[in-house]
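Q: Pasting in a structure now, in structure tokens, and then I'll have a few things to ask.
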Amino acid sequence: MASINVWNMSIGHEGYSNGYSGWHNGPNSAGGVSLKLSFKNNTEKTIKYAAFWFTPYNAVNDAVY
């Protein structure tokens with residue numbers, strides 16, 4: 001299996017705030033968030049597919065589905 005490096009992960013939302021349209025850190029006005037990340041193939045092999053699994057947790061450390 002080939003491997004990849006993941007970096008620049010941030011939690012936020014796309015929206016408009018303070019005259020700026022784009023990515024904003026933190027939740028949106030409804031409390032929703034998205035995850036943004038960068039990744040790079042660190043091998044010479046071609047990676048055809050990549051799958052990522054994440055589990056969000058709330059403030060009391062319960063998994064949220």
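Residues in the structure tokens are named by chain (A, B, ... in the order shown) and by number from 1 within that chain; ligands are numbered from 1 in the order shown.
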Write out as a VMD selection string which residues come within 8 Å of A:Ser3 when counting only C-alpha atoms, dropping same-chain ones fewer than 5 positions away.
A: chain A and resid 41 to 43
Q: Save out the residues we just selected, N, CA, C and O atoms, as a PDB file, in the first residue's frame.
A:
ATOM      1  N   ASN A  41       1.244  12.533  -2.026  1.00  0.00           N
ATOM      2  CA  ASN A  41       1.778  11.195  -2.250  1.00  0.00           C
ATOM      3  C   ASN A  41       3.288  11.266  -2.066  1.00  0.00           C
ATOM      4  O   ASN A  41       3.973  11.986  -2.779  1.00  0.00           O
ATOM      5  N   ASN A  42       3.827  10.523  -1.107  1.00  0.00           N
ATOM      6  CA  ASN A  42       5.272  10.571  -0.874  1.00  0.00           C
ATOM      7  C   ASN A  42       6.003   9.373  -1.477  1.00  0.00           C
ATOM      8  O   ASN A  42       7.085   9.012  -1.047  1.00  0.00           O
ATOM      9  N   THR A  43       5.399   8.758  -2.485  1.00  0.00           N
ATOM     10  CA  THR A  43       6.036   7.652  -3.194  1.00  0.00           C
ATOM     11  C   THR A  43       6.055   7.970  -4.691  1.00  0.00           C
ATOM     12  O   THR A  43       5.463   8.936  -5.137  1.00  0.00           O
TER      13      THR A  43
END
Q: So that I can see what lies close to A:Thr55, please list as a list in words the residues with an atom at most 9 Å from it, counting only C-alpha atoms and leaving out residues fewer than 5 positions away in the same chain.
A: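 My list of contacting residues is Ala63, Val64 and Tyr65 of chain A.
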Q: By how many Å are atom CA of A:Asn25 and atom CA of A:Ala50 apart?
A: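 Separating atom CA of A:Asn25 from atom CA of A:Ala50 is a distance of 25.1 Å.
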Q: Can you pull out the residues contacting stretch 30-39 of chain A? Cut-off 7 Å, using only C-alpha atoms, and skip same-chain residues under 4 positions away; I want them as a PyMOL selection string.
A: chain A and resi 4-13+26
Q: Mind listing the strand (DSSP E) residues of chain A, per DSSP on the backbone, as a tab-separated table (two decimals) with N, CA and C atoms, in the first residue's frame?
A:
chain	number	residue	atom	x	y	z
A	4	ILE	N	0.67	8.39	2.17
A	4	ILE	CA	0.57	9.81	1.89
A	4	ILE	C	0.85	10.58	3.18
A	5	ASN	N	1.29	11.81	3.03
A	5	ASN	CA	1.45	12.73	4.15
A	5	ASN	C	0.25	13.65	4.20
A	6	VAL	N	-0.28	13.86	5.38
A	6	VAL	CA	-1.41	14.77	5.58
A	6	VAL	C	-0.94	15.91	6.47
A	7	TRP	N	-1.29	17.15	6.10
A	7	TRP	CA	-0.92	18.31	6.89
A	7	TRP	C	-1.94	19.42	6.67
A	8	ASN	N	-1.79	20.52	7.35
A	8	ASN	CA	-2.66	21.70	7.21
A	8	ASN	C	-4.12	21.38	7.49
A	9	MET	N	-4.40	20.54	8.47
A	9	MET	CA	-5.80	20.26	8.78
A	9	MET	C	-6.36	21.44	9.58
A	10	SER	N	-7.54	21.89	9.19
A	10	SER	CA	-8.21	22.94	9.94
A	10	SER	C	-9.71	22.71	9.93
A	11	ILE	N	-10.35	23.12	11.01
A	11	ILE	CA	-11.79	22.99	11.15
A	11	ILE	C	-12.39	24.38	11.02
A	12	GLY	N	-13.38	24.50	10.18
A	12	GLY	CA	-14.00	25.81	9.96
A	12	GLY	C	-15.18	25.68	9.03
A	13	HIS	N	-15.42	26.74	8.27
A	13	HIS	CA	-16.57	26.75	7.36
A	13	HIS	C	-16.33	27.75	6.23
A	14	GLU	N	-17.00	27.51	5.12
A	14	GLU	CA	-17.00	28.46	4.01
A	14	GLU	C	-18.09	29.48	4.30
A	15	GLY	N	-17.79	30.73	4.13
A	15	GLY	CA	-18.82	31.73	4.38
A	15	GLY	C	-18.31	33.13	4.14
A	16	TYR	N	-19.13	34.09	4.55
A	16	TYR	CA	-18.83	35.50	4.38
A	16	TYR	C	-18.79	36.15	5.76
A	17	SER	N	-17.68	36.78	6.09
A	17	SER	CA	-17.55	37.42	7.40
A	17	SER	C	-16.59	38.59	7.29
A	20	TYR	N	-15.05	39.38	4.03
A	20	TYR	CA	-14.19	38.38	3.42
A	20	TYR	C	-14.99	37.11	3.15
A	21	SER	N	-14.99	36.67	1.89
A	21	SER	CA	-15.67	35.44	1.52
A	21	SER	C	-14.64	34.35	1.35
A	22	GLY	N	-14.81	33.24	2.04
A	22	GLY	CA	-13.86	32.14	1.94
A	22	GLY	C	-13.87	31.29	3.19
A	23	TRP	N	-12.73	30.69	3.52
A	23	TRP	CA	-12.62	29.79	4.66
A	23	TRP	C	-12.47	30.59	5.95
A	24	HIS	N	-13.27	30.23	6.95
A	24	HIS	CA	-13.21	30.87	8.26
A	24	HIS	C	-13.06	29.80	9.33
A	25	ASN	N	-12.18	30.00	10.30
A	25	ASN	CA	-12.01	29.05	11.39
A	25	ASN	C	-13.24	29.06	12.29
A	34	SER	N	-16.70	22.20	8.85
A	34	SER	CA	-16.14	21.33	7.82
A	34	SER	C	-14.68	21.10	8.15
A	35	LEU	N	-14.08	20.13	7.50
A	35	LEU	CA	-12.67	19.82	7.68
A	35	LEU	C	-11.96	20.08	6.36
A	36	LYS	N	-10.85	20.80	6.44
A	36	LYS	CA	-10.04	21.07	5.25
A	36	LYS	C	-8.64	20.53	5.52
A	37	LEU	N	-8.07	19.83	4.53
A	37	LEU	CA	-6.72	19.29	4.72
A	37	LEU	C	-5.98	19.26	3.40
A	38	SER	N	-4.68	19.12	3.50
A	38	SER	CA	-3.81	18.94	2.33
A	38	SER	C	-3.14	17.59	2.45
A	39	PHE	N	-2.89	16.95	1.32
A	39	PHE	CA	-2.18	15.68	1.34
A	39	PHE	C	-1.29	15.55	0.13
A	40	LYS	N	-0.24	14.72	0.27
A	40	LYS	CA	0.72	14.53	-0.80
A	40	LYS	C	1.16	13.08	-0.84
A	41	ASN	N	1.24	12.53	-2.03
A	41	ASN	CA	1.78	11.19	-2.25
A	41	ASN	C	3.29	11.27	-2.07
Q: Find the distance between atom CA of A:Ala59 and atom CA of A:Pro27 and write it in Å to one decimal.
A: 13.3 Å
